[in-house]
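Read the structure below first, then the notes.
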Amino acid sequence: MMTVPVQGAQVVSRVAALLRIVGRKPEGSPLVELVRESGLTRPTAHRLLTSLAAEGLLDQDAHSGNWVLGPEILLMGSVASARFPLEDIARPSLRRLAEQTGESAFFSIRRGAETVCLLREEGSFPVRSFVLHEGVRFPLGVASAGTAIMAFLPAVEQEELLSDWAAHAGSFAAAHTEELVRSNLEATRQAGYAVNPGLVLEGSWGMGAAVFDQRGRPAWALSLTGIEPRFRAERRDYLGRLLMDEAHRISLQLQGS
C-alpha cells in the first residue's frame, strides 16, 4: 500500500517549533525573532501564534510585545511532571552542589540532538554567569552538559553529529570547531567530566557530568557554571569529583525507579 502523508503533520511540526523557541527564555521572544528562528514567513508565524494564544498555549506580553508561554502549558506541565519525577530525584543533588561549591547548579535532559535545561539551583557566590537557565537549549557537544552527554554516546551516534558539524552546531560552530569538539569529547571520556572554557560566552565557564538511564545511556547531565576565576585548574578536580559523585547518585536512583 502507498503511504499517505498525515494531513496537518507540517502544521504540527511548525507549532512545536514555535513553542520550543518561545520556551527558551522566560521573557519569551518577539515576532521578528520567531520568524528568523523558525524559518516561517511573518504572516504564517503570526497566524499560528494567534491561534496558539486563543487556545491558551501562548500569551503576548502587554508591555514588551514578546510571545510567552501561556497558562495551558503550565497545566500540561503539572500533569506531565507526575510521570517524570525528576525534580524530586535531582533537586537534592543540585542543592548539595550549590551549597558545597557556591556556584549555580543545573540539571539538563537530552532531547534528540539537543540538551534542555530543566532545573536550576543558585549558589552563594555573588558573581554569577547567566548563560544557562530553565528552557535553554544547546546542541549536543556544545556547553558542558551537552559535551558530557555526547562523550558517552555510542561512537556511531557521535560521528553522525560530527559528520555535519557546522549545520548541527549552528551559531556555536565558530567557537566550537569540529577539531576542538573532538578533543573536548576525548578529554571528557578520560576525566569523566566535561569542561567548557568560556566557549559559549567569554569568561563564563562550566563543568558537567553525565547521568545515565536504565540502559546505561547518557540521558541527562548535571553542570556547574560561573566566572572563569572560579574554575582554575587547582579547583577543577574538586568540582569534577563532586559532579561525578552526584551524577552517579542520580543515575542509581533513576535506574532503580
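FYI, nothing fancy with the C-alpha cells labels: chains A, B, ... in order, residues from 1 per chain, ligands from 1 as they appear.
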
From a DSSP pass on the backbone, collect the residues of segment 41-133 of chain A flagged as strand (DSSP E or B) and hand them back as a list of chain:residue names.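 Across segment 41-133 of chain A, those assigned strand (DSSP E or B) are A:Leu58, A:Asp59, A:Gln60, A:Trp67, A:Val68, A:Leu69, A:Ser104, A:Ala105, A:Phe106, A:Phe107, A:Ser108, A:Ile109, A:Arg110, A:Arg111, A:Glu114, A:Thr115, A:Val116, A:Cys117, A:Leu118, A:Leu119, A:Arg120, A:Glu121.
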
Can you write just those residues out, N, CA and C atoms, as a PDB file, in the first residue's frame?
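selection.pdb written:
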ATOM      1  N   LEU A  58      -0.113  30.072  24.383  1.00  0.00           N
ATOM      2  CA  LEU A  58       0.809  31.204  24.364  1.00  0.00           C
ATOM      3  C   LEU A  58       0.071  32.446  24.834  1.00  0.00           C
ATOM      4  N   ASP A  59       0.829  33.444  25.246  1.00  0.00           N
ATOM      5  CA  ASP A  59       0.326  34.777  25.559  1.00  0.00           C
ATOM      6  C   ASP A  59       1.246  35.791  24.891  1.00  0.00           C
ATOM      7  N   GLN A  60       0.740  36.999  24.686  1.00  0.00           N
ATOM      8  CA  GLN A  60       1.599  38.087  24.221  1.00  0.00           C
ATOM      9  C   GLN A  60       1.706  39.112  25.336  1.00  0.00           C
ATOM     10  N   TRP A  67       6.123  37.117  22.695  1.00  0.00           N
ATOM     11  CA  TRP A  67       5.271  35.948  22.856  1.00  0.00           C
ATOM     12  C   TRP A  67       5.868  35.071  23.952  1.00  0.00           C
ATOM     13  N   VAL A  68       5.033  34.692  24.925  1.00  0.00           N
ATOM     14  CA  VAL A  68       5.472  33.899  26.072  1.00  0.00           C
ATOM     15  C   VAL A  68       4.559  32.682  26.223  1.00  0.00           C
ATOM     16  N   LEU A  69       5.031  31.699  26.979  1.00  0.00           N
ATOM     17  CA  LEU A  69       4.224  30.508  27.220  1.00  0.00           C
ATOM     18  C   LEU A  69       2.972  30.867  28.021  1.00  0.00           C
ATOM     19  N   SER A 104      26.312  28.118  40.600  1.00  0.00           N
ATOM     20  CA  SER A 104      24.973  27.740  40.181  1.00  0.00           C
ATOM     21  C   SER A 104      25.009  26.340  39.586  1.00  0.00           C
ATOM     22  N   ALA A 105      24.045  25.510  39.995  1.00  0.00           N
ATOM     23  CA  ALA A 105      23.993  24.115  39.555  1.00  0.00           C
ATOM     24  C   ALA A 105      22.753  23.899  38.689  1.00  0.00           C
ATOM     25  N   PHE A 106      22.889  23.006  37.688  1.00  0.00           N
ATOM     26  CA  PHE A 106      21.825  22.798  36.716  1.00  0.00           C
ATOM     27  C   PHE A 106      21.637  21.314  36.411  1.00  0.00           C
ATOM     28  N   PHE A 107      20.410  20.975  36.023  1.00  0.00           N
ATOM     29  CA  PHE A 107      20.092  19.618  35.583  1.00  0.00           C
ATOM     30  C   PHE A 107      19.472  19.730  34.200  1.00  0.00           C
ATOM     31  N   SER A 108      20.080  19.066  33.215  1.00  0.00           N
ATOM     32  CA  SER A 108      19.625  19.141  31.824  1.00  0.00           C
ATOM     33  C   SER A 108      19.265  17.762  31.313  1.00  0.00           C
ATOM     34  N   ILE A 109      18.391  17.723  30.329  1.00  0.00           N
ATOM     35  CA  ILE A 109      17.953  16.478  29.721  1.00  0.00           C
ATOM     36  C   ILE A 109      18.310  16.473  28.244  1.00  0.00           C
ATOM     37  N   ARG A 110      18.605  15.292  27.711  1.00  0.00           N
ATOM     38  CA  ARG A 110      18.825  15.173  26.270  1.00  0.00           C
ATOM     39  C   ARG A 110      17.480  15.044  25.579  1.00  0.00           C
ATOM     40  N   ARG A 111      17.287  15.869  24.548  1.00  0.00           N
ATOM     41  CA  ARG A 111      16.115  15.774  23.685  1.00  0.00           C
ATOM     42  C   ARG A 111      16.609  15.740  22.255  1.00  0.00           C
ATOM     43  N   GLU A 114      19.771  17.772  21.081  1.00  0.00           N
ATOM     44  CA  GLU A 114      19.952  18.945  21.931  1.00  0.00           C
ATOM     45  C   GLU A 114      19.952  18.554  23.408  1.00  0.00           C
ATOM     46  N   THR A 115      20.398  19.495  24.232  1.00  0.00           N
ATOM     47  CA  THR A 115      20.143  19.412  25.665  1.00  0.00           C
ATOM     48  C   THR A 115      19.219  20.559  26.042  1.00  0.00           C
ATOM     49  N   VAL A 116      18.353  20.310  27.012  1.00  0.00           N
ATOM     50  CA  VAL A 116      17.435  21.334  27.507  1.00  0.00           C
ATOM     51  C   VAL A 116      17.613  21.435  29.014  1.00  0.00           C
ATOM     52  N   CYS A 117      17.840  22.629  29.513  1.00  0.00           N
ATOM     53  CA  CYS A 117      17.983  22.831  30.952  1.00  0.00           C
ATOM     54  C   CYS A 117      16.607  22.730  31.612  1.00  0.00           C
ATOM     55  N   LEU A 118      16.500  21.855  32.621  1.00  0.00           N
ATOM     56  CA  LEU A 118      15.233  21.648  33.321  1.00  0.00           C
ATOM     57  C   LEU A 118      15.183  22.337  34.676  1.00  0.00           C
ATOM     58  N   LEU A 119      16.283  22.252  35.438  1.00  0.00           N
ATOM     59  CA  LEU A 119      16.277  22.714  36.818  1.00  0.00           C
ATOM     60  C   LEU A 119      17.518  23.546  37.109  1.00  0.00           C
ATOM     61  N   ARG A 120      17.379  24.488  38.045  1.00  0.00           N
ATOM     62  CA  ARG A 120      18.494  25.353  38.417  1.00  0.00           C
ATOM     63  C   ARG A 120      18.481  25.568  39.929  1.00  0.00           C
ATOM     64  N   GLU A 121      19.665  25.625  40.509  1.00  0.00           N
ATOM     65  CA  GLU A 121      19.811  25.961  41.927  1.00  0.00           C
ATOM     66  C   GLU A 121      20.940  26.981  42.029  1.00  0.00           C
TER      67      GLU A 121
END

Counting only C-alpha atoms, which of A:Tyr193, A:Phe231, A:Trp205, A:Phe125 gets nearest to Glu246 of chain A?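 Closest candidate: A:Tyr193.
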
Would you list, as a PyMOL selection string, the residues of segment 28-209 of chain A that end up in alpha helix (DSSP H) under DSSP run on this structure's backbone? chain A and resi 31-38+42-54+71-81+86-101+143-151+155-163+165-169+178-191

Counting only C-alpha atoms, the option among A:Gln10, A:Ser171, A:Thr50, A:Ser144 closest to Pro197 of chain A: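 Of all the options, A:Ser144 lies closest to Pro197 of chain A.
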
With only C-alpha atoms counted and 10 Å as the cut-off, give the residues of segment 211-231 of chain A in contact with segment 152-162 of chain A, each with its shortest interatomic distance in Å and the pair that gives it, as CSV.
residue,atom,partner,partner_atom,distance
A:Phe212,CA,A:Phe152,CA,9.4
A:Gly216,CA,A:Phe152,CA,9.6
A:Arg217,CA,A:Leu153,CA,6.9
A:Pro218,CA,A:Phe152,CA,6.3
A:Ala219,CA,A:Leu153,CA,9.3

Would you mind telling me which residue in A:Leu75, A:Ala169, A:Ala210, A:Leu224 lies nearest to Arg249 of chain A when using only C-alpha atoms?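 Going through A:Leu75, A:Ala169, A:Ala210, A:Leu224 one by one, the smallest distance to Arg249 of chain A is for A:Ala210.
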
Could you give me, as a PyMOL selection string, the residues within 12 Å of Pro71 of chain A, counting only C-alpha atoms and dropping anything in the same chain fewer than 5 positions from it? chain A and resi 52-60+76-78

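For segment 34-45 of chain A, the set of protein, DNA and RNA residues having any atom at most 10 Å away, when counting only C-alpha atoms and skipping those fewer than 6 positions along the same chain, is Arg14, Val15, Ala17, Leu18, Leu19, Arg20, Ile21, Val22, Gly28, Ser51, Asn66 and Trp67 of chain A.
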
Expected file: the selected residues, N, CA, C and O atoms, as a compact mmCIF listing (two decimals), in the first residue's frame:
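Output below, filename out_11.txt:
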# COMPACT_ATOMS: atom_id res chain seq x y z
N ARG A 14 5.40 22.79 12.74
CA ARG A 14 5.62 24.23 12.85
C ARG A 14 5.19 24.76 14.22
O ARG A 14 5.88 25.58 14.82
N VAL A 15 4.07 24.27 14.71
CA VAL A 15 3.59 24.68 16.04
C VAL A 15 4.59 24.26 17.12
O VAL A 15 4.92 25.03 18.02
N ALA A 17 7.76 23.74 16.80
CA ALA A 17 8.97 24.55 16.68
C ALA A 17 8.76 25.92 17.35
O ALA A 17 9.64 26.40 18.07
N LEU A 18 7.61 26.53 17.13
CA LEU A 18 7.35 27.83 17.74
C LEU A 18 7.29 27.73 19.27
O LEU A 18 7.83 28.59 19.98
N LEU A 19 6.65 26.68 19.77
CA LEU A 19 6.57 26.51 21.22
C LEU A 19 7.95 26.32 21.82
O LEU A 19 8.26 26.85 22.90
N ARG A 20 8.81 25.55 21.14
CA ARG A 20 10.16 25.33 21.66
C ARG A 20 10.96 26.64 21.69
O ARG A 20 11.69 26.91 22.64
N ILE A 21 10.83 27.43 20.63
CA ILE A 21 11.59 28.69 20.57
C ILE A 21 11.11 29.64 21.66
O ILE A 21 11.91 30.26 22.37
N VAL A 22 9.79 29.78 21.80
CA VAL A 22 9.24 30.66 22.84
C VAL A 22 9.69 30.20 24.22
O VAL A 22 10.00 31.01 25.10
N GLY A 28 10.29 35.22 26.87
CA GLY A 28 9.71 34.96 25.56
C GLY A 28 10.52 35.55 24.42
O GLY A 28 11.69 35.91 24.59
N SER A 51 -3.34 31.69 16.89
CA SER A 51 -4.16 30.51 17.16
C SER A 51 -3.75 29.85 18.47
O SER A 51 -4.60 29.41 19.25
N ASN A 66 6.45 40.60 23.47
CA ASN A 66 7.01 39.26 23.28
C ASN A 66 5.93 38.20 23.43
O ASN A 66 4.98 38.34 24.21
N TRP A 67 6.12 37.12 22.69
CA TRP A 67 5.27 35.95 22.86
C TRP A 67 5.87 35.07 23.95
O TRP A 67 7.06 34.77 23.94

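Remark: for Ala113 of chain A, the closest of the candidate residues A:Gly146, A:Pro92, A:Gly203, A:Pro30 is A:Gly146 (distances computed over only C-alpha atoms).
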
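Checking A:Pro26, A:Gly256, A:Gly123, A:Gly65 one by one against Gly135 of chain A, counting only C-alpha atoms, you find the shortest gap at A:Pro26.
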
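Taking atom CA of Ala174 of chain A and atom CA of Gly192 of chain A as endpoints, the distance between them is 25.6 Å.
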
Neighbours of Met207 of chain A within 9 Å (only C-alpha atoms; same-chain residues fewer than 4 positions away dropped), as a PyMOL selection string? chain A and resi 143-145+148+193-197+222-225+231+236+239-240+243
